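Peer 1: Hey, dropping run-v2.cif in here, mmCIF, C-alpha atoms:
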data_protein
#
loop_
_atom_site.label_atom_id
_atom_site.label_comp_id
_atom_site.auth_asym_id
_atom_site.auth_seq_id
_atom_site.Cartn_x
_atom_site.Cartn_y
_atom_site.Cartn_z
CA MET A 1 -22.14 -25.85 -0.33
CA LYS A 2 -21.22 -23.73 -3.33
CA ARG A 3 -20.65 -20.02 -2.84
CA GLU A 4 -21.08 -17.44 -5.55
CA VAL A 5 -17.56 -16.08 -4.99
CA ILE A 6 -14.43 -17.25 -3.17
CA VAL A 7 -11.65 -14.74 -2.57
CA LYS A 8 -8.21 -16.35 -2.24
CA HIS A 9 -5.21 -14.86 -0.44
CA HIS A 10 -2.34 -17.00 0.83
CA MET A 11 -1.50 -14.62 3.76
CA LEU A 12 2.17 -15.66 3.75
CA ASN A 13 3.35 -12.04 3.59
CA THR A 14 1.34 -11.33 6.73
CA LEU A 15 3.06 -14.18 8.51
CA LEU A 16 6.61 -13.44 7.32
CA MET A 17 6.88 -9.72 6.63
CA GLY A 18 3.86 -8.05 8.19
CA LEU A 19 0.67 -6.55 6.84
CA GLY A 20 0.63 -4.85 3.46
CA GLY A 21 -1.75 -3.51 0.85
CA SER A 22 -2.72 -6.84 -0.71
CA GLU A 23 -4.23 -8.16 2.55
CA TYR A 24 -6.33 -5.02 2.85
CA VAL A 25 -7.49 -5.21 -0.78
CA ALA A 26 -8.48 -8.87 -0.35
CA LEU A 27 -10.69 -8.04 2.65
CA GLU A 28 -12.27 -5.13 0.80
CA ILE A 29 -13.11 -7.35 -2.17
CA VAL A 30 -15.04 -9.65 0.18
CA LEU A 31 -16.76 -6.76 1.95
CA GLY A 32 -17.68 -4.97 -1.28
CA LEU A 33 -19.31 -8.06 -2.77
CA LYS A 34 -21.12 -8.90 0.47
CA LYS A 35 -22.50 -5.36 0.66
CA TYR A 36 -24.02 -5.82 -2.79
CA GLY A 37 -25.62 -9.12 -1.77
CA ILE A 38 -23.18 -11.57 -3.40
CA ASP A 39 -22.50 -14.67 -1.29
CA THR A 40 -18.73 -14.40 -0.74
CA CYS A 41 -16.16 -15.89 1.61
CA PHE A 42 -12.43 -15.47 2.23
CA LYS A 43 -10.10 -18.43 1.70
CA PRO A 44 -6.57 -18.15 3.18
CA LEU A 45 -3.97 -20.74 2.26
CA ILE A 46 -2.84 -20.89 5.91
CA SER A 47 -5.53 -22.52 8.02
CA ARG A 48 -4.43 -20.72 11.20
CA TYR A 49 -6.18 -17.56 10.02
CA THR A 50 -9.60 -17.58 11.65
CA LEU A 51 -12.38 -15.03 11.51
CA LYS A 52 -10.92 -13.55 14.70
CA HIS A 53 -7.57 -13.02 12.93
CA LEU A 54 -9.26 -11.38 9.95
CA ALA A 55 -11.22 -9.04 12.21
CA ARG A 56 -8.00 -8.02 13.96
CA ILE A 57 -6.36 -7.30 10.59
CA GLY A 58 -9.42 -5.33 9.51
CA ARG A 59 -9.28 -3.19 12.65
CA PHE A 60 -5.59 -2.52 11.94
CA TYR A 61 -6.66 -1.02 8.61
CA GLY A 62 -9.46 0.94 10.25
CA ILE A 63 -12.33 -0.96 8.60
CA PRO A 64 -15.54 -0.10 10.52
CA ARG A 65 -16.74 -2.81 12.90
CA ARG A 66 -20.13 -3.03 11.19
CA ASP A 67 -18.34 -4.03 7.97
CA LEU A 68 -16.10 -6.56 9.68
CA ASN A 69 -19.22 -8.40 10.83
CA LEU A 70 -19.83 -9.29 7.16
CA LEU A 71 -16.62 -11.32 6.83
CA GLU A 72 -16.83 -15.08 6.41
CA ILE A 73 -14.10 -17.69 6.05
CA CYS A 74 -14.64 -20.48 3.51
CA ARG A 75 -14.68 -24.07 4.63
CA ASN A 76 -11.92 -26.20 3.12
CA ASP A 77 -14.37 -28.07 0.89
CA GLU A 78 -16.21 -24.99 -0.38
CA GLU A 79 -16.06 -23.99 -4.01
CA GLY A 80 -17.34 -20.92 -5.82
CA GLU A 81 -18.96 -20.15 -9.14
CA VAL A 82 -16.27 -17.47 -9.42
CA SER A 83 -12.90 -17.42 -7.67
CA ILE A 84 -10.68 -14.36 -7.24
CA ASN A 85 -6.93 -14.61 -6.71
CA ALA A 86 -6.41 -11.45 -4.64
CA THR A 87 -2.61 -11.65 -4.45
CA GLY A 88 -1.87 -11.96 -8.16
CA ASP A 89 0.70 -14.72 -7.72
CA PHE A 90 0.96 -18.50 -8.03
CA LEU A 91 0.71 -19.10 -4.28
CA SER A 92 -3.01 -18.27 -4.17
CA GLY A 93 -3.76 -20.69 -7.00
CA SER A 94 -6.06 -20.77 -10.03
CA ALA A 95 -8.93 -18.32 -10.36
CA ASN A 96 -11.38 -16.77 -12.79
CA ILE A 97 -10.30 -13.26 -11.82
CA TYR A 98 -6.84 -12.05 -10.78
CA TYR A 99 -6.05 -8.82 -8.96
CA MET A 100 -2.46 -7.87 -9.80
CA HIS A 101 -0.70 -5.59 -7.31
CA TYR A 102 2.44 -5.76 -9.46
CA PRO A 103 3.61 -7.87 -12.42
CA SER A 104 4.70 -10.94 -10.44
CA MET A 105 5.85 -12.77 -13.58
CA ILE A 106 8.45 -10.10 -14.43
CA LYS A 107 12.04 -10.20 -13.13
CA PRO A 108 12.02 -8.63 -9.65
CA ASP A 109 14.80 -6.13 -10.34
CA LYS A 110 12.47 -4.52 -12.89
CA TYR A 111 10.00 -3.40 -10.24
CA TYR A 112 11.64 -3.83 -6.81
CA PRO A 113 15.05 -2.10 -6.77
CA GLY A 114 14.99 -2.32 -2.97
CA ILE A 115 15.82 -6.02 -3.16
CA THR A 116 19.60 -6.19 -2.93
CA GLY A 117 22.28 -8.64 -1.80
CA TRP A 118 22.64 -12.29 -2.69
CA ARG A 119 20.12 -13.51 -0.11
CA GLY A 120 17.38 -11.11 -1.22
CA SER A 121 18.11 -11.84 -4.87
CA ILE A 122 17.91 -15.63 -4.40
CA LEU A 123 14.62 -15.42 -2.48
CA SER A 124 13.08 -13.02 -4.98
CA TYR A 125 14.07 -15.23 -7.92
CA LEU A 126 12.73 -18.34 -6.18
CA TYR A 127 9.43 -16.46 -6.04
CA TYR A 128 9.69 -15.06 -9.57
CA LEU A 129 10.44 -18.29 -11.47
CA PRO A 130 7.24 -20.20 -10.52
CA ASN A 131 5.25 -17.05 -11.23
CA LYS A 132 6.85 -16.74 -14.66
CA TYR A 133 5.84 -20.30 -15.55
CA TYR A 134 2.46 -20.39 -13.81
CA MET A 135 1.03 -16.88 -14.18
CA TYR A 136 1.66 -16.52 -17.93
CA LYS A 137 -0.54 -19.56 -18.55
CA LYS A 138 -3.22 -18.65 -16.00
CA LEU A 139 -3.61 -15.04 -17.08
CA LYS A 140 -4.14 -16.13 -20.68
CA LYS A 141 -7.20 -18.14 -19.55
CA ALA A 142 -8.62 -15.66 -17.00
CA ASP A 143 -12.09 -14.14 -17.32
CA ALA A 144 -10.75 -10.81 -16.05
CA ILE A 145 -7.40 -9.39 -14.98
CA LEU A 146 -7.58 -6.43 -12.62
CA VAL A 147 -4.52 -4.26 -12.03
CA ASN A 148 -3.81 -1.55 -9.48
CA SER A 149 -2.38 1.04 -11.87
CA ARG A 150 -1.81 1.90 -15.53
CA LYS A 151 1.89 1.13 -15.22
CA THR A 152 1.18 -2.40 -13.96
CA ALA A 153 -1.29 -2.72 -16.85
CA LEU A 154 1.39 -1.74 -19.37
CA TYR A 155 3.82 -4.32 -17.94
CA ILE A 156 1.29 -7.15 -18.13
CA GLU A 157 -0.19 -6.22 -21.51
CA LYS A 158 3.32 -5.94 -22.99
CA HIS A 159 4.81 -9.13 -21.51
CA VAL A 160 1.74 -11.39 -21.39
CA GLY A 161 -0.30 -9.96 -24.24
CA VAL A 162 -3.65 -9.83 -22.43
CA ARG A 163 -6.14 -7.05 -21.78
CA THR A 164 -6.42 -5.70 -18.23
CA HIS A 165 -8.77 -3.47 -16.24
CA VAL A 166 -7.28 -0.75 -14.03
CA VAL A 167 -9.04 -0.84 -10.65
CA TYR A 168 -7.36 1.42 -8.12
CA PRO A 169 -6.96 -0.16 -4.68
CA PRO A 170 -9.44 0.98 -2.03
CA VAL A 171 -8.32 3.59 0.45
CA ASN A 172 -9.98 3.77 3.84
CA MET A 173 -10.60 7.46 4.46
CA HIS A 174 -12.74 6.95 7.55
CA GLY A 175 -11.55 9.42 10.18
CA LEU A 176 -9.69 11.49 7.58
CA ILE A 177 -11.83 12.81 4.74
CA GLY A 178 -14.54 14.34 6.95
CA LYS A 179 -12.13 16.39 9.06
CA PRO A 180 -10.83 19.84 8.12
CA VAL A 181 -7.28 20.38 6.89
CA ILE A 182 -5.04 21.53 9.73
CA PRO A 183 -3.33 24.82 8.73
CA GLY A 184 0.39 24.55 8.16
CA ARG A 185 1.11 26.97 11.01
CA ASP A 186 -0.65 24.66 13.51
CA ARG A 187 1.15 21.45 12.52
CA GLU A 188 3.83 19.65 14.48
CA LYS A 189 7.50 19.54 13.53
CA TYR A 190 7.77 16.09 12.00
CA LEU A 191 7.73 14.39 8.63
CA LEU A 192 5.78 11.13 8.41
CA VAL A 193 6.65 7.78 6.79
CA VAL A 194 4.09 4.92 6.88
CA SER A 195 5.22 1.59 5.45
CA ARG A 196 5.61 -2.10 6.01
CA ILE A 197 9.07 -2.38 7.53
CA SER A 198 10.49 -5.02 5.20
CA PRO A 199 13.45 -4.86 2.75
CA GLU A 200 11.55 -4.37 -0.51
CA LYS A 201 9.95 -1.18 0.87
CA GLN A 202 13.39 0.40 1.40
CA PRO A 203 12.86 1.51 5.03
CA PHE A 204 16.61 2.24 5.30
CA LYS A 205 15.94 5.43 3.32
CA ILE A 206 14.63 7.00 6.52
CA LEU A 207 18.32 7.79 7.07
CA TYR A 208 18.10 9.77 3.84
CA VAL A 209 15.27 11.89 5.27
CA ALA A 210 17.12 12.40 8.55
CA SER A 211 20.17 13.56 6.56
CA ALA A 212 17.99 16.14 4.80
CA LEU A 213 16.81 17.50 8.16
CA LYS A 214 20.42 17.73 9.35
CA LEU A 215 21.48 19.39 6.09
CA LEU A 216 18.77 22.03 6.50
CA GLY A 217 19.70 22.68 10.12
CA LEU A 218 16.24 21.64 11.38
CA LYS A 219 17.56 20.50 14.76
CA ASP A 220 14.20 20.20 16.54
CA TRP A 221 12.44 18.34 13.69
CA LYS A 222 11.87 14.57 13.43
CA VAL A 223 11.08 11.96 10.83
CA LEU A 224 8.49 9.56 12.25
CA MET A 225 8.22 6.08 10.73
CA ILE A 226 5.10 3.98 11.43
CA GLY A 227 4.88 0.28 10.52
CA GLY A 228 3.80 -3.18 11.63
CA ARG A 229 6.05 -5.18 13.93
CA THR A 230 7.53 -8.55 12.89
CA LYS A 231 10.79 -10.43 13.46
CA ILE A 232 12.06 -8.96 10.20
CA SER A 233 11.05 -5.43 11.18
CA ASP A 234 12.81 -5.72 14.55
CA ARG A 235 16.11 -6.51 12.81
CA ILE A 236 15.64 -3.68 10.33
CA ILE A 237 14.79 -1.15 13.05
CA LYS A 238 17.88 -2.16 15.04
CA TYR A 239 20.04 -1.72 11.93
CA ILE A 240 18.53 1.72 11.20
CA LEU A 241 19.02 2.99 14.74
CA ASP A 242 22.58 1.62 14.96
CA LYS A 243 23.44 3.27 11.65
CA ALA A 244 21.77 6.52 12.75
CA ARG A 245 23.94 6.62 15.88
CA ARG A 246 27.11 6.18 13.83
CA LEU A 247 26.03 8.96 11.45
CA GLU A 248 24.89 11.22 14.30
CA LEU A 249 21.32 11.18 12.98
CA GLU A 250 19.66 9.38 15.88
CA LYS A 251 17.99 12.49 17.34
CA TYR A 252 16.07 13.02 14.09
CA ILE A 253 14.47 9.55 13.93
CA VAL A 254 11.44 8.13 15.77
CA ILE A 255 10.01 4.68 14.89
CA GLU A 256 6.68 3.36 16.19
CA THR A 257 5.09 -0.01 15.42
CA ASN A 258 1.53 -1.38 15.55
CA VAL A 259 -0.03 2.06 15.98
CA GLU A 260 -3.81 1.90 16.32
CA ARG A 261 -5.77 3.52 13.52
CA LYS A 262 -7.22 6.54 15.33
CA LYS A 263 -3.75 7.60 16.47
CA LEU A 264 -2.32 6.99 12.98
CA ASN A 265 -4.96 9.25 11.44
CA GLU A 266 -3.90 12.06 13.77
CA TYR A 267 -0.26 11.50 12.81
CA TYR A 268 -1.28 11.88 9.16
CA ARG A 269 -3.24 15.10 9.84
CA ARG A 270 -0.61 16.82 11.99
CA ALA A 271 2.49 15.97 9.93
CA TYR A 272 4.11 18.76 7.94
CA ALA A 273 4.52 16.34 5.06
CA TYR A 274 4.26 12.67 4.22
CA ILE A 275 7.38 11.16 2.61
CA HIS A 276 7.25 7.94 0.61
CA LEU A 277 10.48 5.94 0.51
CA THR A 278 9.91 3.10 -1.98
CA ASP A 279 11.22 3.55 -5.53
CA HIS A 280 8.97 2.31 -8.36
CA GLU A 281 6.09 1.79 -5.93
CA HIS A 282 3.22 0.08 -7.80
CA PHE A 283 0.60 2.28 -6.13
CA GLY A 284 1.14 3.32 -2.51
CA ILE A 285 -2.10 3.29 -0.47
CA THR A 286 -0.41 5.29 2.30
CA ILE A 287 0.21 8.13 -0.15
CA ILE A 288 -3.54 8.44 -0.73
CA GLU A 289 -4.22 8.23 3.01
CA ALA A 290 -1.91 11.21 3.50
CA MET A 291 -3.73 13.05 0.70
CA ALA A 292 -7.08 12.32 2.37
CA ALA A 293 -5.66 13.81 5.58
CA GLY A 294 -4.84 17.00 3.68
CA THR A 295 -1.08 16.56 4.08
CA PRO A 296 1.46 17.37 1.35
CA VAL A 297 3.24 14.32 -0.09
CA ILE A 298 6.86 14.07 -1.24
CA ILE A 299 7.41 10.97 -3.34
CA PRO A 300 10.08 9.43 -5.60
CA SER A 301 9.87 10.71 -9.17
CA ASN A 302 9.37 7.14 -10.47
CA ASN A 303 6.30 6.49 -8.30
CA ASN A 304 3.21 5.15 -10.08
CA ILE A 305 0.96 7.74 -8.47
CA LEU A 306 2.71 10.42 -10.51
CA PHE A 307 1.89 8.39 -13.62
CA GLU A 308 -1.76 8.02 -12.58
CA LEU A 309 -2.15 11.70 -11.69
CA SER A 310 0.06 13.13 -14.43
CA ASP A 311 -2.26 16.12 -14.91
CA ARG A 312 -1.90 17.05 -11.22
CA ARG A 313 1.87 16.81 -10.85
CA ASN A 314 2.03 20.45 -9.82
CA ILE A 315 0.66 19.57 -6.37
CA LEU A 316 2.67 16.37 -5.92
CA LEU A 317 6.22 17.08 -4.76
CA GLU A 318 8.80 14.64 -6.12
CA TYR A 319 12.46 13.86 -5.52
CA ARG A 320 15.27 12.02 -7.28
CA ASN A 321 18.06 12.57 -4.77
CA LEU A 322 18.91 14.08 -1.39
CA ARG A 323 19.12 17.59 -2.82
CA ASP A 324 15.59 17.37 -4.29
CA LEU A 325 14.25 15.97 -1.02
CA ALA A 326 15.87 18.72 1.06
CA LYS A 327 14.61 21.37 -1.37
CA ASN A 328 10.99 20.21 -1.03
CA ILE A 329 11.20 19.94 2.76
CA ASP A 330 12.68 23.44 2.90
CA LEU A 331 9.90 24.76 0.66
CA LEU A 332 7.19 23.51 3.02
CA VAL A 333 8.94 24.38 6.28
CA ASN A 334 9.43 27.99 5.17
CA ASP A 335 5.95 28.43 3.71
CA PRO A 336 3.27 27.01 6.05
CA ASP A 337 0.54 28.67 3.96
CA GLN A 338 1.65 26.50 1.02
CA VAL A 339 1.25 23.43 3.25
CA THR A 340 -2.39 24.41 3.78
CA ILE A 341 -3.05 25.14 0.09
CA ILE A 342 -1.48 21.91 -1.17
CA GLY A 343 -3.20 19.91 1.58
CA LYS A 344 -6.67 21.14 0.57
CA ARG A 345 -6.09 20.33 -3.10
CA LEU A 346 -4.82 16.83 -2.30
CA LYS A 347 -7.73 16.14 0.04
CA SER A 348 -10.23 16.92 -2.71
CA LEU A 349 -8.32 14.78 -5.22
CA SER A 350 -8.12 11.74 -2.91
CA LYS A 351 -11.86 11.04 -3.13
CA ILE A 352 -11.50 9.16 -6.43
CA PHE A 353 -9.68 6.40 -4.52
CA SER A 354 -12.37 5.71 -1.89
CA ARG A 355 -13.21 2.19 -0.76
CA GLU A 356 -16.87 2.79 -1.66
CA ARG A 357 -15.92 3.44 -5.28
CA PHE A 358 -13.76 0.29 -5.24
CA HIS A 359 -16.68 -1.78 -3.90
CA SER A 360 -18.93 -0.58 -6.70
CA ILE A 361 -16.41 -1.35 -9.46
CA ILE A 362 -15.60 -4.82 -8.07
CA TYR A 363 -19.29 -5.63 -7.84
CA HIS A 364 -19.96 -4.72 -11.48
CA ILE A 365 -17.00 -6.77 -12.74
CA VAL A 366 -17.85 -9.84 -10.66
CA SER A 367 -21.60 -9.69 -11.36
CA THR A 368 -20.82 -9.63 -15.09
CA THR A 369 -18.63 -12.73 -14.67
CA LEU A 370 -21.39 -14.50 -12.71
CA GLN A 371 -23.92 -14.04 -15.52
#
For this file, produce the structure as structure tokens.

Peer 2:
Amino acid sequence: MKREVIVKHHMLNTLLMGLGGSEYVALEIVLGLKKYGIDTCFKPLISRYTLKHLARIGRFYGIPRRDLNLLEICRNDEEGEVSINATGDFLSGSANIYYMHYPSMIKPDKYYPGITGWRGSILSYLYYLPNKYYMYKKLKKADAILVNSRKTALYIEKHVGVRTHVVYPPVNMHGLIGKPVIPGRDREKYLLVVSRISPEKQPFKILYVASALKLLGLKDWKVLMIGGRTKISDRIIKYILDKARRLELEKYIVIETNVERKKLNEYYRRAYAYIHLTDHEHFGITIIEAMAAGTPVIIPSNNNILFELSDRRNILLEYRNLRDLAKNIDLLVNDPDQVTIIGKRLKSLSKIFSRERFHSIIYHIVSTTLQ
């Protein structure tokens, strides 16, 4: 049997480090094409991932059940008229179309400053070197190269010399966009961080946020981190809490794992602000989720979202250091009306990143390739 489209994703990150944005994007590519009537299936490198596993992952991301019923897993012998490498690296193999979440063929220290220490450096370079050899060649021959942001596009066009199409990742706003913005005065006293708890995402910087709360004298405030639970995350959480105790920051930090989507949405809506930790983040789906919830965002000044929304920087709070971070937190805490105003503006702006828009764009690109 020959499908029209096969979507490839190796799922190794899911197994080793926990769920991230690329897994979600891969599922949405399948769902978007299926909704438009294109015969599509999902092909993981690891055979242990069954339809049941995919449905569980989809529920984690809040994908509606009616959509999850559209998912299909490819048989090992199935081929497609068009194949899509949804990870953008060598592990998912050759394809007609590549979706690049970051420039995987560029030295890792150029885009992931969170990778430090000899062990992290060795592992990242073992990943980078095959990508450098393999992806340069494959991208030159691709029918289409999709990238998640203009900055990723600039990296690839500069270093590989090929044209790319910017296709923003889908953001699931179900349970967020249709609800009113909670006024600042009615919010709870916590700052929210949502991230995969793995080294490259710099989760240790939660200590940075806790330090800002202590510096401002906000004794009854918390920073709440939400993430998936893995063996790696357990070690990281233990390190963070041990360090927090030594620095007398423990009372400011709360960490929850594997939070179900409905509860997460309420955390987004009731937070005083969402704080992103990762420097040089390629996109940051959780930032847009916070925007859709009508919650102010405080993000590193080198974040790609600032590059994408350069004309709206006045409503995106940014920080370079602890002083900047504390200043922005203080601004919001002392002006709840500003929390409401910023939240409403961000909520309106978030609509351009909807999963429905992503489905439509992916369909038009793939249908053109199928012709």

Peer 1: Show me the residues around (-3.5, -22.4, -13.1) - criterion: an atom at most 8 Å away, only C-alpha atoms counted - as a VMD selection string.

Peer 2: chain A and resid 90 93 to 95 134 to 135 137 to 138

Peer 1: Evaluate the PyMOL selection byres ((chain A and resi 144) around 9) on the structure here and hand back the selected residues as a PyMOL selection string.

Peer 2: chain A and resi 96-99+139+141-143+145-146+163-165+365-366+369

Peer 1: For Gly284 in chain A, which residue among A:Val297, A:Leu325, A:Val259, A:Val162 is the nearest when counting all atoms listed in the file?

Peer 2: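 Of all the options, A:Val297 lies closest to Gly284 in chain A.
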
Peer 1: Would you kindly return, as a ChimeraX atom specification, each protein, DNA or RNA residue with an atom no farther than 10 Å from any atom of Asp89 in chain A, considering only C-alpha atoms and excluding same-chain residues fewer than 6 positions away?

Peer 2: /A:9-10,98-105,127-128,130-132,134-135,138

Peer 1: Which of these, A:Val181, A:Ile329, A:Ile341, A:Ile236, has the shortest distance to Arg270 in chain A once you count all atoms listed in the file?

Peer 2: A:Val181

Peer 1: Show which residues sit within 12 Å of Gly217 in chain A, as a VMD selection string. Count only C-alpha atoms, and ignore same-chain residues fewer than 6 positions away.

Peer 2: chain A and resid 210 to 211 249 252 326 329 to 330 333

Peer 1: What does the file look like for those residues with C-alpha atoms, as a compact mmCIF listing (two decimals), in the frame of the given file?

Peer 2:
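Writing done, so here's part08.txt:
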# COMPACT_ATOMS: atom_id res chain seq x y z
CA ALA A 210 17.12 12.40 8.55
CA SER A 211 20.17 13.56 6.56
CA LEU A 249 21.32 11.18 12.98
CA TYR A 252 16.07 13.02 14.09
CA ALA A 326 15.87 18.72 1.06
CA ILE A 329 11.20 19.94 2.76
CA ASP A 330 12.68 23.44 2.90
CA VAL A 333 8.94 24.38 6.28

Peer 1: Tell me which protein, DNA and RNA residues are within 10 Å of Ile305 in chain A, counting all atoms listed in the file, leaving out same-chain ones fewer than 4 positions away, and put them as a PyMOL selection string.

Peer 2: chain A and resi 149-151+280-285+287-288+299-301+309-310+313+316

Peer 1: Kindly extract all protein, DNA and RNA residues lying within 10 Å of the coordinates (0.3, 27.9, 9.8) given in the file, considering only C-alpha atoms, and supply them as a ChimeraX atom specification.

Peer 2: /A:182-187,333,335-340

Peer 1: Compile the contact shell of Glu266 in chain A as an MDAnalysis selection string: residues with an atom at most 9 Å away, counting all atoms listed in the file, same-chain residues fewer than 5 positions apart removed.

Peer 2: chainID A and resid 175:176 261 271 293

Peer 1: With all atoms listed in the file as the atoms that count, which of A:Tyr155, A:Tyr168, A:Trp221, A:Tyr133 lies nearest to Arg355 in chain A?

Peer 2: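 Between A:Tyr155, A:Tyr168, A:Trp221, A:Tyr133, the residue approaching Arg355 in chain A most closely is A:Tyr168.
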
Peer 1: Once the PyMOL selection byres ((chain A and resi 64) around 12) is applied to the coordinates I shared, what remains selected? I want it as JSON, numbers by chain.

Peer 2: {"A": [28, 31, 55, 56, 57, 58, 59, 60, 61, 62, 63, 65, 66, 67, 68, 69, 70, 71, 172, 173, 174, 175, 261, 262, 355]}

Peer 1: Let me see the file: selected residues, C-alpha atoms, as an mmCIF file, in the coordinates of the input.

Peer 2:
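Everything below was put into out-v5.cif:
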data_model
loop_
_atom_site.group_PDB
_atom_site.id
_atom_site.type_symbol
_atom_site.label_atom_id
_atom_site.label_comp_id
_atom_site.auth_asym_id
_atom_site.auth_seq_id
_atom_site.Cartn_x
_atom_site.Cartn_y
_atom_site.Cartn_z
ATOM 1 C CA GLU A 28 -12.270 -5.130 0.800
ATOM 2 C CA LEU A 31 -16.760 -6.760 1.950
ATOM 3 C CA ALA A 55 -11.220 -9.040 12.210
ATOM 4 C CA ARG A 56 -8.000 -8.020 13.960
ATOM 5 C CA ILE A 57 -6.360 -7.300 10.590
ATOM 6 C CA GLY A 58 -9.420 -5.330 9.510
ATOM 7 C CA ARG A 59 -9.280 -3.190 12.650
ATOM 8 C CA PHE A 60 -5.590 -2.520 11.940
ATOM 9 C CA TYR A 61 -6.660 -1.020 8.610
ATOM 10 C CA GLY A 62 -9.460 0.940 10.250
ATOM 11 C CA ILE A 63 -12.330 -0.960 8.600
ATOM 12 C CA ARG A 65 -16.740 -2.810 12.900
ATOM 13 C CA ARG A 66 -20.130 -3.030 11.190
ATOM 14 C CA ASP A 67 -18.340 -4.030 7.970
ATOM 15 C CA LEU A 68 -16.100 -6.560 9.680
ATOM 16 C CA ASN A 69 -19.220 -8.400 10.830
ATOM 17 C CA LEU A 70 -19.830 -9.290 7.160
ATOM 18 C CA LEU A 71 -16.620 -11.320 6.830
ATOM 19 C CA ASN A 172 -9.980 3.770 3.840
ATOM 20 C CA MET A 173 -10.600 7.460 4.460
ATOM 21 C CA HIS A 174 -12.740 6.950 7.550
ATOM 22 C CA GLY A 175 -11.550 9.420 10.180
ATOM 23 C CA ARG A 261 -5.770 3.520 13.520
ATOM 24 C CA LYS A 262 -7.220 6.540 15.330
ATOM 25 C CA ARG A 355 -13.210 2.190 -0.760
#

Peer 1: Would you translate the PyMOL selection byres ((chain A and resi 79) around 10) into the concrete set of residues it matches in this file, as a VMD selection string?

Peer 2: chain A and resid 1 to 6 41 43 74 to 78 80 to 83

Peer 1: Reconstruct N, CA and C atoms of range 224-235 of chain A from the incomplete input and present them as a tab-separated table (two decimals), in the frame of the given file.

Peer 2:
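The result, written out as result_37.tsv:
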chain	number	residue	atom	x	y	z
A	224	LEU	N	9.21	10.60	11.51
A	224	LEU	CA	8.49	9.56	12.25
A	224	LEU	C	8.09	8.44	11.29
A	225	MET	N	8.60	7.24	11.55
A	225	MET	CA	8.22	6.08	10.73
A	225	MET	C	7.23	5.20	11.51
A	226	ILE	N	6.13	4.85	10.85
A	226	ILE	CA	5.10	3.98	11.43
A	226	ILE	C	5.02	2.71	10.60
A	227	GLY	N	5.00	1.54	11.25
A	227	GLY	CA	4.88	0.28	10.52
A	227	GLY	C	4.48	-0.85	11.44
A	228	GLY	N	4.13	-2.00	10.85
A	228	GLY	CA	3.80	-3.18	11.63
A	228	GLY	C	5.06	-3.84	12.19
A	229	ARG	N	4.90	-4.56	13.28
A	229	ARG	CA	6.05	-5.18	13.93
A	229	ARG	C	6.11	-6.67	13.63
A	230	THR	N	7.26	-7.13	13.14
A	230	THR	CA	7.53	-8.55	12.89
A	230	THR	C	8.97	-8.83	13.28
A	231	LYS	N	9.39	-10.09	13.19
A	231	LYS	CA	10.79	-10.43	13.46
A	231	LYS	C	11.71	-9.73	12.47
A	232	ILE	N	11.27	-9.65	11.22
A	232	ILE	CA	12.06	-8.96	10.20
A	232	ILE	C	12.16	-7.48	10.52
A	233	SER	N	11.04	-6.88	10.91
A	233	SER	CA	11.05	-5.43	11.18
A	233	SER	C	11.94	-5.11	12.37
A	234	ASP	N	11.96	-5.96	13.38
A	234	ASP	CA	12.81	-5.72	14.55
A	234	ASP	C	14.28	-5.63	14.16
A	235	ARG	N	14.71	-6.52	13.26
A	235	ARG	CA	16.11	-6.51	12.81
A	235	ARG	C	16.41	-5.24	12.00
